[in-house]
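Asker: Mind having a look at this structure? Questions to follow.
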Amino acid sequence: MDAITRRRFLIASGVTAGAAATTLGLRELLATAGDRDPAAKTLVLITLYGGNDGLNTVIPYADPAYATARPDFAYQPEELLDLGEGEALNPGLPGLHQLFSQKRLAIVRGVGYPKPNRSHFQSMDIWQTAQPDRPGTTGWLGRWLDTAGGDPRLAVSFEPVLPPLLAGATSAGATVPGGELKLPAGVTPALLQQLGAPSAGESPASARAAACFGDLARVRDLISSAPLGEDDDDTPATATGGAAPPLDQQLALVARCIEAGVATRVYSVSLGGFDLHADGKDAQKALLSKVDKALTAFAGRVAGKGVVTAVYSEFGRRVHANASDGTDHGTASNVFLLGDGIRGGLHGEPPSLTDLDDGDLKFTLDFRDVYAMLLADVLGSDPEQVLDGWTGRLDVKA
């Protein structure tokens, strides 16, 4: 196919050389197989957009203040998955409960930051930039990428757009499109492959842009071949974020790349829908069940491959349920960590349910302590350089 026709196709499809520079083709990613230090670890970051209710995820059932604050919303002790110390997991998390019993899951309690912000967007900016005082324009993992040489293949997102956390000052991670493949009118998958074939005399940027369309077809095939769970009708993304492909499919793609030994050191995936202001109990349990199935399957596939997974949300919810059997925006919550080299168990001090800050939990552990551990122990980086001189660090090393 001649270059003029391809160029018209690229323009009509909204793809330019600039856009292609931030979109990584699957072919390019898989071409890095084996091109990494075998001893290097991998970080997988799972964002739960919308503000997951931490108190109904890791439940302080033995504290009478829990049932008092949520008389029609609380779980009964016999429904729960016991963790010890008067706490239990939501009944939607049996797989993670088993990992906890095997000392493979670390639950870090009371995680937050000073002067908490209850806006989805501003709080997520704070978490993704790791700059609570004044959220900047670079993400904490983007700044790590700056120090690691800036190769976008080192930090990859399977979300529709690049999350701010992967954008640095001089470099940025890459997205591997994993959503529904939408083709222009009259363009079939077979023609798409032809459009991605090399053409004599074109610029490298144009060649790469065209090749991305062939890669889209390959990603689509990978997604269609990925094992699906019972809940394939994934909660649609809302204004508070989340990715179009179901979480289990995103993690299946990550596992395929890890098994292939690609160069990527950081992966970002997500699930939205956690902003449950009404009728939240059953809805949250269903969402957590999706997380449980996807993460448990993923953990089994990558065990022993030097992978650490972290799960977080932009904030927790208020202690008291609202009048609609839901919960409103809160502050401190839990972070889950699992993988090679992680010491399972309960970590951090659980916040008081009675000593509150305007009805909200007071954080007991700064989230930058968690990031510092991930930077140092997983990515082998200097946390102070990435986190603006932050010196705290969580210790969960096995």
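FYI, nothing fancy with the structure tokens labels: chains A, B, ... in order, residues from 1 per chain, ligands from 1 as they appear.
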Tell me which protein, DNA and RNA residues are within 12 Å of Asp133 (chain A), counting only C-alpha atoms, leaving out same-chain ones fewer than 3 positions away, and put them as a VMD selection string.

Answerer: chain A and resid 113 to 117 122 to 123 125 to 127 129 to 130 136 388

Asker: Residues as selected, C-alpha atoms, written as a PDB file, in the first residue's frame, can you do that?

Answerer:
ATOM      1  CA  TYR A 113      -1.410  12.085  53.986  1.00  0.00           C
ATOM      2  CA  PRO A 114      -1.556  15.411  55.880  1.00  0.00           C
ATOM      3  CA  LYS A 115      -4.437  17.806  55.263  1.00  0.00           C
ATOM      4  CA  PRO A 116      -6.476  15.275  53.280  1.00  0.00           C
ATOM      5  CA  ASN A 117      -8.455  16.369  50.251  1.00  0.00           C
ATOM      6  CA  GLN A 122      -7.312  16.446  43.663  1.00  0.00           C
ATOM      7  CA  SER A 123      -6.735  13.500  45.981  1.00  0.00           C
ATOM      8  CA  ASP A 125      -3.396  13.978  41.869  1.00  0.00           C
ATOM      9  CA  ILE A 126      -1.808  13.901  45.320  1.00  0.00           C
ATOM     10  CA  TRP A 127      -1.459  10.116  45.323  1.00  0.00           C
ATOM     11  CA  THR A 129       2.343  12.901  42.144  1.00  0.00           C
ATOM     12  CA  ALA A 130       3.298  11.992  45.748  1.00  0.00           C
ATOM     13  CA  GLY A 136       2.946  19.053  40.774  1.00  0.00           C
ATOM     14  CA  ASP A 388      11.532  15.269  47.115  1.00  0.00           C
TER      15      ASP A 388
END

Asker: If you run DSSP over the backbone, which residues in region 46-98 of chain A end up helix (DSSP H, G or I)? Put them as a PyMOL selection string.

Answerer: chain A and resi 54-56+64-69+77-79+94-98

Asker: Can I get the selection written as a compact mmCIF listing (two decimals), in the first residue's frame, with C-alpha atoms?

Answerer:
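Writing the result to again_22.txt gives the following:
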# COMPACT_ATOMS: atom_id res chain seq x y z
CA GLY A 54 -11.50 0.81 53.53
CA LEU A 55 -13.59 0.14 56.63
CA ASN A 56 -15.73 -2.36 54.74
CA PRO A 64 -18.17 -1.67 68.87
CA ALA A 65 -17.81 1.73 67.23
CA TYR A 66 -17.94 0.01 63.82
CA ALA A 67 -21.48 -1.35 64.23
CA THR A 68 -22.57 1.86 65.96
CA ALA A 69 -21.43 3.97 63.03
CA PRO A 77 -18.73 -11.31 62.42
CA GLU A 78 -19.89 -14.69 61.10
CA GLU A 79 -19.94 -13.31 57.52
CA PRO A 94 -11.69 -15.19 49.81
CA GLY A 95 -8.69 -15.53 47.50
CA LEU A 96 -6.80 -12.70 49.17
CA HIS A 97 -7.74 -14.15 52.54
CA GLN A 98 -6.04 -17.40 51.55

Asker: Identify which of the residues A:Glu384, A:Glu259, A:Asp275, A:Asp282 lies closest to Val302 (chain A), counting only C-alpha atoms when measuring atom-to-atom distances.

Answerer: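 Checking each of A:Glu384, A:Glu259, A:Asp275, A:Asp282 against Val302 (chain A), counting only C-alpha atoms, the winner is A:Glu259.
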
Asker: Quick one: DSSP strand (DSSP E or B) residues in region 239-344 of chain A, as a list in words?

Answerer: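 The residues of region 239-344 of chain A classed as strand (DSSP E or B) are Gly241, Val266, Tyr267, Ser268, Val269, Ser270, Leu271, Val307, Val308, Thr309, Ala310, Val311, Tyr312, Ser313, Arg317, His329, Ser333, Asn334, Val335, Phe336, Leu337, Leu338, Gly339 and Ile342 of chain A.
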
Asker: For Asp292 (chain A), find every residue with an atom within 8 Å (counting only C-alpha atoms), except residues of its own chain fewer than 2 positions away, and show them as a PyMOL selection string.

Answerer: chain A and resi 92-96+288-290+294-296

Asker: Give me a file of those residues, with N, CA and C atoms, as an mmCIF file, in the first residue's frame.

Answerer:
data_model
loop_
_atom_site.group_PDB
_atom_site.id
_atom_site.type_symbol
_atom_site.label_atom_id
_atom_site.label_comp_id
_atom_site.auth_asym_id
_atom_site.auth_seq_id
_atom_site.Cartn_x
_atom_site.Cartn_y
_atom_site.Cartn_z
ATOM 1 N N GLY A 92 -16.128 -10.726 50.109
ATOM 2 C CA GLY A 92 -15.863 -10.819 48.684
ATOM 3 C C GLY A 92 -14.410 -11.093 48.346
ATOM 4 N N LEU A 93 -13.557 -11.302 49.373
ATOM 5 C CA LEU A 93 -12.124 -11.446 49.139
ATOM 6 C C LEU A 93 -11.565 -12.790 49.642
ATOM 7 N N PRO A 94 -12.186 -13.908 49.294
ATOM 8 C CA PRO A 94 -11.686 -15.194 49.812
ATOM 9 C C PRO A 94 -10.308 -15.563 49.294
ATOM 10 N N GLY A 95 -10.001 -15.211 48.039
ATOM 11 C CA GLY A 95 -8.686 -15.535 47.495
ATOM 12 C C GLY A 95 -7.578 -14.781 48.200
ATOM 13 N N LEU A 96 -7.800 -13.489 48.446
ATOM 14 C CA LEU A 96 -6.800 -12.703 49.168
ATOM 15 C C LEU A 96 -6.689 -13.165 50.618
ATOM 16 N N LEU A 288 -15.170 -5.825 44.857
ATOM 17 C CA LEU A 288 -14.035 -6.464 45.518
ATOM 18 C C LEU A 288 -13.878 -7.915 45.070
ATOM 19 N N SER A 289 -14.989 -8.558 44.742
ATOM 20 C CA SER A 289 -14.906 -9.923 44.241
ATOM 21 C C SER A 289 -14.160 -9.968 42.909
ATOM 22 N N LYS A 290 -14.357 -8.942 42.069
ATOM 23 C CA LYS A 290 -13.618 -8.867 40.804
ATOM 24 C C LYS A 290 -12.126 -8.675 41.066
ATOM 25 N N ALA A 294 -9.304 -11.545 40.007
ATOM 26 C CA ALA A 294 -8.253 -11.138 39.082
ATOM 27 C C ALA A 294 -6.880 -11.173 39.737
ATOM 28 N N LEU A 295 -6.792 -10.649 40.953
ATOM 29 C CA LEU A 295 -5.498 -10.550 41.619
ATOM 30 C C LEU A 295 -4.995 -11.906 42.085
ATOM 31 N N THR A 296 -5.896 -12.758 42.544
ATOM 32 C CA THR A 296 -5.488 -14.091 42.985
ATOM 33 C C THR A 296 -4.942 -14.899 41.816
#

Asker: Which distance in Å separates CA of Val156 (chain A) and CA of Arg265 (chain A), to one decimal?

Answerer: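 CA of Arg265 (chain A) lies 8.3 Å from CA of Val156 (chain A).
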
Asker: In terms of the shortest atom-to-atom distance over only C-alpha atoms, which of A:Val319, A:Pro164, A:Trp390, A:Gly339 is closest to Gln102 (chain A)?

Answerer: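 Between A:Val319, A:Pro164, A:Trp390, A:Gly339, the residue approaching Gln102 (chain A) most closely is A:Gly339.
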
Asker: Which residue, A:Ala260, A:His347, A:Leu80, A:Val291, has the smallest gap to Gly272 (chain A) when you use only C-alpha atoms?

Answerer: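 Checking each of A:Ala260, A:His347, A:Leu80, A:Val291 against Gly272 (chain A), counting only C-alpha atoms, the winner is A:Val291.
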
Asker: What is the CA of Gln249 (chain A)-CA of Thr47 (chain A) distance in Å, reported with one decimal?

Answerer: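 Straight-line distance from CA of Gln249 (chain A) to CA of Thr47 (chain A) works out to 14.9 Å.
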
Asker: Contacts of Val254 (chain A) at 12 Å or less, counting only C-alpha atoms, minus same-chain residues fewer than 5 places along, as number ranges by chain?

Answerer: A: 26, 29-30, 42-46, 155-159, 176, 178, 219, 222-223, 226, 247-249, 259-262, 264-269, 294-295, 297-299, 301-302, 307, 309

Asker: Using only C-alpha atoms for the distances, tell me which of A:Leu374, A:Leu287, A:Leu338, A:Val161 is nearest to Thr57 (chain A).

Answerer: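 Checking each candidate against Thr57 (chain A), we get A:Leu287 as the closest.
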
Asker: When you count only C-alpha atoms, which of these residues is closest to Gly306 (chain A): A:Asp82, A:Asp35, A:Asp366, A:Asp377?

Answerer: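 Checking each candidate against Gly306 (chain A), we get A:Asp377 as the closest.
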
Asker: What is the CA of Arg104 (chain A)-CA of Gly345 (chain A) distance in Å, reported with one decimal?

Answerer: 7.8 Å
